[in-house]
$ cat work21.cif   # mmCIF, C-alpha atoms
data_my_file
loop_
_atom_site.group_PDB
_atom_site.id
_atom_site.type_symbol
_atom_site.label_atom_id
_atom_site.label_comp_id
_atom_site.auth_asym_id
_atom_site.auth_seq_id
_atom_site.Cartn_x
_atom_site.Cartn_y
_atom_site.Cartn_z
ATOM 1 C CA MET A 1 -108.812 -12.561 86.790
ATOM 2 C CA ILE A 2 -112.534 -12.723 86.138
ATOM 3 C CA ILE A 3 -113.387 -11.892 89.743
ATOM 4 C CA ASP A 4 -110.946 -8.951 89.600
ATOM 5 C CA GLY A 5 -112.703 -7.584 86.500
ATOM 6 C CA LYS A 6 -109.633 -8.030 84.300
ATOM 7 C CA ILE A 7 -111.501 -10.485 82.070
ATOM 8 C CA GLY A 8 -115.047 -9.786 80.945
ATOM 9 C CA LEU A 9 -117.795 -12.220 79.998
ATOM 10 C CA LYS A 10 -120.863 -11.669 77.852
ATOM 11 C CA ASN A 11 -123.529 -14.295 77.452
ATOM 12 C CA ASN A 12 -126.840 -12.474 77.069
ATOM 13 C CA SER A 13 -126.844 -12.027 73.277
ATOM 14 C CA THR A 14 -125.820 -14.062 70.247
ATOM 15 C CA ILE A 15 -122.752 -12.995 68.276
ATOM 16 C CA LYS A 16 -123.783 -11.416 64.970
ATOM 17 C CA GLU A 17 -120.323 -10.775 63.558
ATOM 18 C CA PHE A 18 -116.696 -10.097 64.296
ATOM 19 C CA THR A 19 -115.552 -6.502 63.858
ATOM 20 C CA LYS A 20 -112.047 -5.088 63.452
ATOM 21 C CA THR A 21 -111.877 -4.456 67.194
ATOM 22 C CA GLY A 22 -114.049 -7.215 68.651
ATOM 23 C CA LEU A 23 -117.665 -8.345 68.326
ATOM 24 C CA ARG A 24 -121.104 -7.063 67.364
ATOM 25 C CA PHE A 25 -124.085 -8.837 68.927
ATOM 26 C CA GLU A 26 -127.630 -9.447 67.692
ATOM 27 C CA ASP A 27 -128.944 -6.988 70.284
ATOM 28 C CA GLY A 28 -126.866 -4.217 68.626
ATOM 29 C CA SER A 29 -124.247 -3.981 71.375
ATOM 30 C CA THR A 30 -120.535 -4.187 70.616
ATOM 31 C CA LEU A 31 -117.569 -5.358 72.614
ATOM 32 C CA ASP A 32 -113.916 -4.542 71.998
ATOM 33 C CA ALA A 33 -111.787 -7.586 72.689
ATOM 34 C CA ASP A 34 -108.155 -8.631 72.478
ATOM 35 C CA LEU A 35 -109.190 -12.277 72.613
ATOM 36 C CA VAL A 36 -112.472 -14.123 72.046
ATOM 37 C CA VAL A 37 -112.964 -17.534 73.649
ATOM 38 C CA LEU A 38 -115.992 -19.510 72.521
ATOM 39 C CA ALA A 39 -116.850 -21.894 75.347
ATOM 40 C CA THR A 40 -118.896 -24.492 73.513
ATOM 41 C CA GLY A 41 -119.638 -28.088 74.298
ATOM 42 C CA PHE A 42 -121.380 -27.512 77.583
ATOM 43 C CA GLY A 43 -124.175 -29.964 77.914
ATOM 44 C CA ASP A 44 -124.718 -33.678 78.092
ATOM 45 C CA TYR A 45 -122.662 -35.617 75.553
ATOM 46 C CA ARG A 46 -125.151 -38.451 75.868
ATOM 47 C CA ASP A 47 -127.697 -36.391 73.910
ATOM 48 C CA GLY A 48 -125.801 -37.200 70.711
ATOM 49 C CA PHE A 49 -125.846 -40.904 71.506
ATOM 50 C CA ARG A 50 -129.599 -40.749 72.188
ATOM 51 C CA LYS A 51 -130.200 -39.152 68.770
ATOM 52 C CA ILE A 52 -128.239 -41.912 67.034
ATOM 53 C CA LEU A 53 -129.216 -44.909 69.171
ATOM 54 C CA GLY A 54 -132.735 -43.925 70.186
ATOM 55 C CA GLU A 55 -133.979 -43.229 73.685
ATOM 56 C CA GLU A 56 -133.977 -46.830 74.948
ATOM 57 C CA LEU A 57 -130.434 -47.820 73.987
ATOM 58 C CA GLY A 58 -129.119 -44.259 74.271
ATOM 59 C CA GLY A 59 -130.477 -44.122 77.802
ATOM 60 C CA GLU A 60 -128.033 -46.883 78.783
ATOM 61 C CA VAL A 61 -124.998 -44.706 78.005
ATOM 62 C CA LYS A 62 -123.163 -43.891 81.230
ATOM 63 C CA GLN A 63 -122.127 -40.397 82.249
ATOM 64 C CA ILE A 64 -119.260 -39.032 80.166
ATOM 65 C CA TRP A 65 -116.594 -36.721 81.613
ATOM 66 C CA GLY A 66 -116.210 -35.929 85.240
ATOM 67 C CA LEU A 67 -114.346 -38.341 87.493
ATOM 68 C CA ASP A 68 -115.486 -41.722 88.731
ATOM 69 C CA GLY A 69 -114.950 -43.085 92.246
ATOM 70 C CA GLU A 70 -111.347 -44.029 91.382
ATOM 71 C CA GLY A 71 -110.501 -40.572 90.044
ATOM 72 C CA GLU A 72 -110.536 -41.722 86.412
ATOM 73 C CA PRO A 73 -112.388 -39.856 83.627
ATOM 74 C CA ARG A 74 -115.873 -41.284 83.133
ATOM 75 C CA GLY A 75 -116.840 -42.679 79.766
ATOM 76 C CA ALA A 76 -114.035 -41.292 77.626
ATOM 77 C CA TRP A 77 -111.951 -44.105 76.108
ATOM 78 C CA ARG A 78 -113.693 -46.747 78.180
ATOM 79 C CA ASP A 79 -116.903 -48.707 78.516
ATOM 80 C CA VAL A 80 -119.902 -46.393 78.136
ATOM 81 C CA GLY A 81 -122.567 -48.929 79.123
ATOM 82 C CA VAL A 82 -123.545 -50.187 75.656
ATOM 83 C CA GLU A 83 -121.795 -53.281 74.318
ATOM 84 C CA ASN A 84 -119.230 -52.548 71.579
ATOM 85 C CA LEU A 85 -119.738 -48.782 71.864
ATOM 86 C CA TRP A 86 -116.803 -46.578 72.769
ATOM 87 C CA CYS A 87 -116.574 -42.850 73.238
ATOM 88 C CA MET A 88 -113.356 -41.086 72.290
ATOM 89 C CA MET A 89 -113.127 -37.357 72.761
ATOM 90 C CA GLY A 90 -110.631 -34.659 73.468
ATOM 91 C CA ASN A 91 -107.939 -33.196 71.294
ATOM 92 C CA LEU A 92 -106.164 -35.043 68.491
ATOM 93 C CA ALA A 93 -103.172 -35.989 70.643
ATOM 94 C CA MET A 94 -105.430 -37.561 73.270
ATOM 95 C CA ALA A 95 -107.460 -39.421 70.646
ATOM 96 C CA ARG A 96 -104.333 -40.777 68.940
ATOM 97 C CA TYR A 97 -102.826 -41.924 72.233
ATOM 98 C CA HIS A 98 -105.924 -43.541 73.719
ATOM 99 C CA SER A 99 -107.201 -45.103 70.465
ATOM 100 C CA ARG A 100 -104.478 -47.749 70.872
ATOM 101 C CA HIS A 101 -105.838 -48.723 74.263
ATOM 102 C CA VAL A 102 -109.376 -49.014 72.949
ATOM 103 C CA ALA A 103 -108.203 -51.085 69.972
ATOM 104 C CA LEU A 104 -106.141 -53.406 72.175
ATOM 105 C CA ARG A 105 -108.986 -53.868 74.607
ATOM 106 C CA GLU A 106 -111.361 -54.793 71.780
ATOM 107 C CA PHE A 107 -108.789 -57.115 70.198
ATOM 108 C CA PHE A 108 -108.071 -58.978 73.414
ATOM 109 C CA SER A 109 -111.742 -59.250 74.321
ATOM 110 C CA ALA A 110 -112.401 -60.929 70.945
ATOM 111 C CA VAL A 111 -109.437 -63.323 71.014
ATOM 112 C CA PRO A 112 -109.734 -66.365 73.280
ATOM 113 C CA PRO A 113 -107.125 -66.359 76.036
ATOM 114 C CA LEU A 114 -103.925 -68.209 75.250
ATOM 115 C CA ARG A 115 -103.387 -71.036 77.709
ATOM 116 C CA CYS A 116 -99.750 -71.831 78.388
ATOM 117 C CA GLY A 117 -98.191 -74.484 80.538
ATOM 118 C CA VAL A 118 -95.588 -73.727 83.169
ATOM 119 C CA ASP A 119 -92.834 -74.497 80.667
ATOM 120 C CA GLY A 120 -94.294 -72.074 78.096
ATOM 121 C CA ARG A 121 -95.705 -74.718 75.733
ATOM 122 C CA VAL A 122 -99.213 -74.156 74.394
#
$ encode --input "work21.cif" --output "structure tokens"
Amino acid sequence: MIIDGKIGLKNNSTIKEFTKTGLRFEDGSTLDADLVVLATGFGDYRDGFRKILGEELGGEVKQIWGLDGEGEPRGAWRDVGVENLWCMMGNLAMARYHSRHVALREFFSAVPPLRCGVDGRV
């Protein structure tokens, strides 16, 4: 729809305010709109880790998002390259679902393995 001109994009001026019919921009231009989508979050998520952890430790954080060689999401809800550091992101439903997996992984990595005999006795 974008290529057909049915959906317009504007990215050359900061939004100043919403109007009754759309947007007014800092450069004085206006845009009538039925729907406004703010596409935020583009950038490197690791920047936030670097601010908190410092450049040395923050530099060890693996790439987040995108797919790894097995087709799995990189970094989200899995090892991010720094011991005991996990990255959970996405919507609330995703965070609620995957937080169990992170918690179980941490629990089982902290608990020594249970050794059982063939007959089930410890």
$ resolve_selection --input "work21.cif" --expression "the PyMOL selection byres ((chain A and resi 99-102) around 8)" --output "ChimeraX atom specification"
/A:77-78,86,88,95-98,103-106
$ closest_residue --input "work21.cif" --among "A:Val82, A:Val36, A:Ile2, A:Ile7" --to "Leu57 (chain A)" --atoms "all atoms listed in the file"
A:Val82
$ closest_residue --input "work21.cif" --among "A:Leu85, A:Phe25, A:Met94, A:Thr30" --to "Leu53 (chain A)" --atoms "only C-alpha atoms"
A:Leu85
$ closest_residue --input "work21.cif" --among "A:Leu23, A:Leu35, A:Val61, A:Leu9" --to "Asn84 (chain A)" --atoms "all atoms listed in the file"
A:Val61
$ resolve_selection --input "work21.cif" --expression "the PyMOL selection byres ((chain A and resi 17) around 12)" --output "VMD selection string"
chain A and resid 13 to 16 18 to 31
$ closest_residue --input "work21.cif" --among "A:Tyr45, A:Arg50, A:Lys10, A:Phe107" --to "Arg74 (chain A)" --atoms "all atoms listed in the file"
A:Tyr45
$ atom_distance --input "work21.cif" --atom1 "CA of Gly66 (chain A)" --atom2 "CA of Asp44 (chain A)"
11.3 Å
$ atom_distance --input "work21.cif" --atom1 "CA of Asn12 (chain A)" --atom2 "CA of Ile64 (chain A)"
27.8 Å
$ build_atoms --input "work21.cif" --residues "region 43-54 of chain A" --atoms "N, CA and C atoms" --output "PDB file, keeping the file's coordinate frame"
ATOM      1  N   GLY A  43    -122.940 -29.211  78.061  1.00  0.00           N
ATOM      2  CA  GLY A  43    -124.175 -29.964  77.914  1.00  0.00           C
ATOM      3  C   GLY A  43    -123.887 -31.429  78.146  1.00  0.00           C
ATOM      4  N   ASP A  44    -124.834 -32.250  77.856  1.00  0.00           N
ATOM      5  CA  ASP A  44    -124.718 -33.678  78.092  1.00  0.00           C
ATOM      6  C   ASP A  44    -124.333 -34.371  76.789  1.00  0.00           C
ATOM      7  N   TYR A  45    -123.136 -34.923  76.747  1.00  0.00           N
ATOM      8  CA  TYR A  45    -122.662 -35.617  75.553  1.00  0.00           C
ATOM      9  C   TYR A  45    -123.568 -36.790  75.176  1.00  0.00           C
ATOM     10  N   ARG A  46    -124.289 -37.308  76.145  1.00  0.00           N
ATOM     11  CA  ARG A  46    -125.151 -38.451  75.868  1.00  0.00           C
ATOM     12  C   ARG A  46    -126.306 -38.090  74.948  1.00  0.00           C
ATOM     13  N   ASP A  47    -126.617 -36.805  74.815  1.00  0.00           N
ATOM     14  CA  ASP A  47    -127.697 -36.391  73.910  1.00  0.00           C
ATOM     15  C   ASP A  47    -127.424 -36.842  72.477  1.00  0.00           C
ATOM     16  N   GLY A  48    -126.172 -36.748  72.053  1.00  0.00           N
ATOM     17  CA  GLY A  48    -125.801 -37.200  70.711  1.00  0.00           C
ATOM     18  C   GLY A  48    -125.988 -38.692  70.541  1.00  0.00           C
ATOM     19  N   PHE A  49    -125.636 -39.465  71.563  1.00  0.00           N
ATOM     20  CA  PHE A  49    -125.846 -40.904  71.506  1.00  0.00           C
ATOM     21  C   PHE A  49    -127.338 -41.224  71.441  1.00  0.00           C
ATOM     22  N   ARG A  50    -128.149 -40.499  72.193  1.00  0.00           N
ATOM     23  CA  ARG A  50    -129.599 -40.749  72.188  1.00  0.00           C
ATOM     24  C   ARG A  50    -130.189 -40.492  70.807  1.00  0.00           C
ATOM     25  N   LYS A  51    -129.703 -39.458  70.120  1.00  0.00           N
ATOM     26  CA  LYS A  51    -130.200 -39.152  68.770  1.00  0.00           C
ATOM     27  C   LYS A  51    -129.865 -40.282  67.803  1.00  0.00           C
ATOM     28  N   ILE A  52    -128.682 -40.856  67.948  1.00  0.00           N
ATOM     29  CA  ILE A  52    -128.239 -41.912  67.034  1.00  0.00           C
ATOM     30  C   ILE A  52    -128.826 -43.267  67.415  1.00  0.00           C
ATOM     31  N   LEU A  53    -128.820 -43.580  68.703  1.00  0.00           N
ATOM     32  CA  LEU A  53    -129.216 -44.909  69.171  1.00  0.00           C
ATOM     33  C   LEU A  53    -130.684 -45.030  69.539  1.00  0.00           C
ATOM     34  N   GLY A  54    -131.364 -43.905  69.696  1.00  0.00           N
ATOM     35  CA  GLY A  54    -132.735 -43.925  70.186  1.00  0.00           C
ATOM     36  C   GLY A  54    -132.736 -43.812  71.701  1.00  0.00           C
TER      37      GLY A  54
END
